[in-house]
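J.: Take a look at this one; I'll ask things after.
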Amino acid sequence: RDLVKEANQSLNSKSQTQTQERTISNFEKGNYIRIKTLEDLNTLCNKLKTQKILSVDTETTSTNPMHAEILGISFSFEEKLGYYIPVQYVKSKFNIESFSIQIIVEKFKNILENPNILKVGQNIKYDSIILKKYGIDLKPIHFDTMLASYVLRPDGRKHNMDDLAAEFLGYKTITYEELTKKGKKQVPLYEIPLDEVTEYAGEDADITLRLYNKLKLEVKKQSLQDVLENIETPLITVLRDMEMDGVSIDAKYLKELSHEYHNRVKELEKEIYKLVGHPFNLNSTKELQFVLYQELKLPEVKKTATGVSTDHFVLETLVEKHSVVPLLLEYRKLTKLLSTYIDALPKMIHPTTKRIHTSYNQTIAATGRLSSTEPNLQNIPIKDQEGKQIRKAFVPVSEDYEILSLDYSQIELRIMAHFSQDSNMIHAYQNNLDIHRQTASALFGIEENLVTSEQRNKAKIVNFSVIYGTSAYGLSTQLGISKTEAGIFIDKYFLKYPKVKEFMEKISKECFEKGYVETLTGRRRYIPEIKSNKRQEVEAAKRIAINSPIQGTSADMIKIAMIRIHEHLHKNQKKSKMILQVHDELVFEVHKKEKEEIFQIAKQEMENAVRLSVPVVVEGSFGKSWADTK
């Protein structure tokens, strides 16, 4: 049968799902066909082989791709037309009308790996992981509608398909909750009649294709092709492989660490109860409010809808007021580390791979930075002993491997030197001088060789704070000095680095005129608040305007490096893997025979990802665990 002809003939036919209340016109509705016979499957395959653009979507049993099993796959190559192929699943009521995964792989592998058929999707990294688990390497990945939306508007918009369809197409989609219900009434996808799933899945593929046709024009119109095509889209495959490779965890070590931390928590509880005079629920906000403000009479710093605040910032301001407060902060820190990492990580070990598989998100941080979930690697403490103890649990797969960590050195200050073209900053970096010592010399009016470690540390805080537009009040809080003293420090800083101040004023002005700021690679961030009538909003917008080009350029640099390193590892069939990315750091599991080569290649690609007018320096080392590399 000619499936396209059949689709056009049955365009106005109504299934149970099509008669649902939907605020769209008949003209906008698509026709979605379920493939029922092997003859239909072969006909569809022949059609797909001739396409130049193919929208792909998978239906599965879980939102976590490493634990999900495939239930079906849908395609669209023409607007208002979609096809759904159900895949056999052991728990499904409809297996008799489904195809085995072996047949799907046999029929579609060559199509989905065909370099001449460009693949588009919505959050296509997810589908790519699903298909890779079954031996299909989805390529070439040409366009992700979710990423296109993010590049166009990194904040102030939801990037899910339902919202994008409403915004760009004026189309009301069938949502997942409408299909499966929610709460106690929720029905698994594999128990829903196939005709209804076909409407939902076929629509997903069709609307993704329609969004692609719309968004690619928007991306071109705003001159954002380079960011999307050369950074975000190639990164999809890199992140897919990193997520699937995962990282090894020493569960035995974490169990011992858990025992130690639980004992420390119990001791803290006893000390807190002793200071307060009685036991109470430390995790109850109401009880803590009563203890702190009614019994201990501590000053009320901030009020919220639920009473006087007991948040981290408030407790930090009360540290000097009562000896119980530091203990409460310590208790919170340890219990959070236990629940988020120490006790949680062993439960995340995949039953088959025996590794942990974090998920990297490209569309969360407005600056362009990656974030990660399950586990969130970005929040592991960096400076304190507890963070190091947690990193010690991240180990190589065997004794044949070591962990390598490579980190950008002062990358944001170096980027500021490039943007501002300040001669003193550039001179410091071009001559490999200690910029914190140089700044301390200016702040304290002494020769560099007389600067103490304490003065250098203060200068370090000033260096990283001022380039982000921190106010005198903000700096005074960080340094523990008066607002007047902090203001003097800022003035002296700008006397030393006058071009930095000029850049900050210039970027704020440009943001007001254009409505956005840009990174060196052309990534944009729109900041409409810069034109607010409220002074506080304008000041906050100015800080974002200064911050975003610097953080965004840093994010782009490491992404470009990741793409190039990944290409080298795969092209040369290396045993070593890139396993983690955290802020300005890349972590590798390196085979001992490849140590020298991987170190040099990775360092070189990181340092040359984006050329600055000052040297980019990457530092790192090998270790038996992630902690040992620091």
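Chain identifiers are assigned as A, B, and so on, following the order in which chains appear in the structure tokens; residues are numbered from 1 within each chain, and ligands are numbered from 1 in order of appearance.
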Give me the residues near region 51-59 of chain A as number ranges by chain, where near means some atom within 6 Å (using only C-alpha atoms) and where sequence neighbours in that chain fewer than 6 positions away do not count.
T.: A: 71-77, 117-121, 127, 205, 209
J.: Residues near Glu412 (chain A), anyone? I mean within 10 Å using only C-alpha atoms, not counting same-chain ones fewer than 4 positions away, as a list in words.
T.: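 Answer for this query is Tyr408, Met416, Ala417, His418, Phe464, Ile467, Tyr468, Asn547, Pro549, Ile550, Gln551, Gly552, Thr553, Ser554 and Asp584 of chain A.
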J.: Could you write out that same residue set with C-alpha atoms as a PDB file, in the first residue's frame?
T.:
ATOM      1  CA  TYR A 408      41.043  25.547  33.564  1.00  0.00           C
ATOM      2  CA  MET A 416      37.797  39.246  31.400  1.00  0.00           C
ATOM      3  CA  ALA A 417      41.355  40.247  30.441  1.00  0.00           C
ATOM      4  CA  HIS A 418      40.454  39.432  26.819  1.00  0.00           C
ATOM      5  CA  PHE A 464      36.505  37.171  41.237  1.00  0.00           C
ATOM      6  CA  ILE A 467      34.438  41.213  37.613  1.00  0.00           C
ATOM      7  CA  TYR A 468      30.856  40.075  38.260  1.00  0.00           C
ATOM      8  CA  ASN A 547      28.549  37.875  34.184  1.00  0.00           C
ATOM      9  CA  PRO A 549      29.569  36.812  28.431  1.00  0.00           C
ATOM     10  CA  ILE A 550      32.326  35.608  30.775  1.00  0.00           C
ATOM     11  CA  GLN A 551      30.605  32.478  32.141  1.00  0.00           C
ATOM     12  CA  GLY A 552      29.090  31.764  28.738  1.00  0.00           C
ATOM     13  CA  THR A 553      32.440  31.972  26.963  1.00  0.00           C
ATOM     14  CA  SER A 554      33.938  29.671  29.600  1.00  0.00           C
ATOM     15  CA  ASP A 584      35.636  24.136  34.350  1.00  0.00           C
TER      16      ASP A 584
END
J.: Run DSSP on the backbone of this structure and report the residues of region 158-323 of chain A it assigns to helix (DSSP H, G or I), as a VMD selection string.
T.: chain A and resid 161 to 169 176 to 180 183 to 185 189 to 191 194 to 221 225 to 245 251 to 276 285 to 295 312 to 317
J.: Just the residues within 10 Å of Lys514 (chain A), please, counting only C-alpha atoms, with nothing from its chain fewer than 5 positions along; format it as number ranges by chain.
T.: A: 509, 526-528
J.: Which residue is closest to Arg524 (chain A)? Choose from A:Gly156, A:Gly202, A:Pro375, A:Gly368 and count only C-alpha atoms.
T.: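 Closest to Arg524 (chain A) of all the choices is A:Gly368.
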J.: I'd like a table as a Markdown table: residues in region 512-574 of chain A with an atom no more than 12 Å from region 491-507 of chain A, each row giving the shortest atom pair and its distance in Å to one decimal, only C-alpha atoms counted, sorted by chain and rising residue number.
T.:
| residue | atom | partner | partner_atom | distance |
| --- | --- | --- | --- | --- |
| A:Phe512 | CA | A:Ile507 | CA | 8.6 |
| A:Glu513 | CA | A:Ile507 | CA | 9.8 |
| A:Lys514 | CA | A:Ile507 | CA | 10.3 |
| A:Gly515 | CA | A:Ile507 | CA | 10.8 |
| A:Tyr516 | CA | A:Ile507 | CA | 9.5 |
| A:Val517 | CA | A:Ile507 | CA | 7.4 |
| A:Glu518 | CA | A:Ile507 | CA | 9.5 |
| A:Thr519 | CA | A:Ile507 | CA | 11.3 |
| A:Ile527 | CA | A:Ile507 | CA | 11.9 |
| A:Ile530 | CA | A:Ile507 | CA | 11.4 |
| A:Glu539 | CA | A:Glu505 | CA | 11.9 |
| A:Ala541 | CA | A:Ile507 | CA | 11.2 |
| A:Lys542 | CA | A:Ile507 | CA | 8.4 |
| A:Arg543 | CA | A:Met504 | CA | 8.9 |
| A:Ile544 | CA | A:Ile507 | CA | 10.3 |
| A:Ala545 | CA | A:Ile507 | CA | 6.7 |
| A:Ile546 | CA | A:Met504 | CA | 6.0 |
| A:Asn547 | CA | A:Met504 | CA | 9.5 |
| A:Ser548 | CA | A:Ile507 | CA | 10.3 |
| A:Pro549 | CA | A:Ile507 | CA | 9.2 |
| A:Ile550 | CA | A:Met504 | CA | 11.3 |
J.: Point out the residue among A:Lys603, A:Tyr473, A:Ile415, A:Asn361 with the least atom-to-atom distance to Val582 (chain A), counting only C-alpha atoms.
T.: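 Looking at the shortest contact to Val582 (chain A), the residue is A:Asn361.
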J.: Can you tell me, as a PyMOL selection string, which residues in region 358-562 of chain A count as strand (DSSP E) by DSSP?
T.: chain A and resi 359-361+371-373+394-395+401-408+516-518+524-526
J.: What's the 12 Å shell around Lys107 (chain A), counting only C-alpha atoms, without same-chain residues fewer than 2 positions away, as number ranges by chain?
T.: A: 38-46, 48-49, 85, 99-105, 109-113, 136
J.: What is the CA of Tyr341 (chain A)-CA of Val238 (chain A) distance in Å, reported with one decimal?
T.: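 Value for the CA of Tyr341 (chain A)-CA of Val238 (chain A) distance: 24.9 Å.
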J.: Name all residues at most 12 Å from Ile96 (chain A) (count only C-alpha atoms; drop same-chain ones fewer than 4 positions away) and give them as a PyMOL selection string.
T.: chain A and resi 36-37+86-92+100+194
J.: Looking at only C-alpha atoms, which of A:Ile411, A:Ala305, A:Val247, A:Met66 is the one that sits closest to Met557 (chain A)?
T.: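 Of A:Ile411, A:Ala305, A:Val247, A:Met66, the one nearest Met557 (chain A) is A:Ile411, counting only C-alpha atoms.
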J.: Taking 4 positions as the minimum chain separation for residues in the same chain, which residues sit within 12 Å of Thr304 (chain A) when counting only C-alpha atoms? Answer as a JSON list (two decimals) with N, CA and C atoms, in the first residue's frame.
T.:
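Result file follows (result00.json):
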[["chain", "number", "residue", "atom", "x", "y", "z"],
["A", 285, "THR", "N", 11.11, 22.88, 60.47],
["A", 285, "THR", "CA", 11.30, 24.34, 60.42],
["A", 285, "THR", "C", 10.57, 25.01, 61.58],
["A", 289, "GLN", "N", 12.35, 27.17, 64.41],
["A", 289, "GLN", "CA", 11.96, 28.58, 64.59],
["A", 289, "GLN", "C", 11.68, 28.88, 66.06],
["A", 300, "GLU", "N", 15.76, 38.31, 64.74],
["A", 300, "GLU", "CA", 15.01, 37.86, 63.56],
["A", 300, "GLU", "C", 15.55, 38.58, 62.32],
["A", 308, "VAL", "N", 9.61, 33.29, 60.72],
["A", 308, "VAL", "CA", 10.98, 33.81, 60.65],
["A", 308, "VAL", "C", 11.87, 32.76, 59.98],
["A", 309, "SER", "N", 12.68, 33.22, 59.04],
["A", 309, "SER", "CA", 13.50, 32.30, 58.23],
["A", 309, "SER", "C", 14.59, 31.62, 59.05],
["A", 310, "THR", "N", 14.85, 30.35, 58.68],
["A", 310, "THR", "CA", 15.97, 29.60, 59.29],
["A", 310, "THR", "C", 16.88, 29.08, 58.17],
["A", 311, "ASP", "N", 16.90, 29.78, 57.03],
["A", 311, "ASP", "CA", 17.69, 29.28, 55.91],
["A", 311, "ASP", "C", 19.19, 29.45, 56.15],
["A", 314, "VAL", "N", 20.60, 33.01, 56.70],
["A", 314, "VAL", "CA", 20.22, 33.55, 58.02],
["A", 314, "VAL", "C", 21.09, 32.94, 59.11]]
J.: So how far away is CA of Ala440 (chain A) from CA of Gln410 (chain A), in Å?
T.: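 If I compute the distance from CA of Gln410 (chain A) to CA of Ala440 (chain A), I get 16.1 Å.
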J.: When you look at region 176-179 of chain A with a cut-off of 9 Å (counting only C-alpha atoms), what residues show up, excluding the ones that are within fewer than 5 positions of it in the same chain? I need them as a PyMOL selection string.
T.: chain A and resi 17+186-187+189+192+196-197+200
J.: Just give me the gap between CA of Thr61 (chain A) and CA of Met578 (chain A) in Å, one decimal is fine.
T.: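 Result for CA of Thr61 (chain A) versus CA of Met578 (chain A): 28.3 Å, one decimal.
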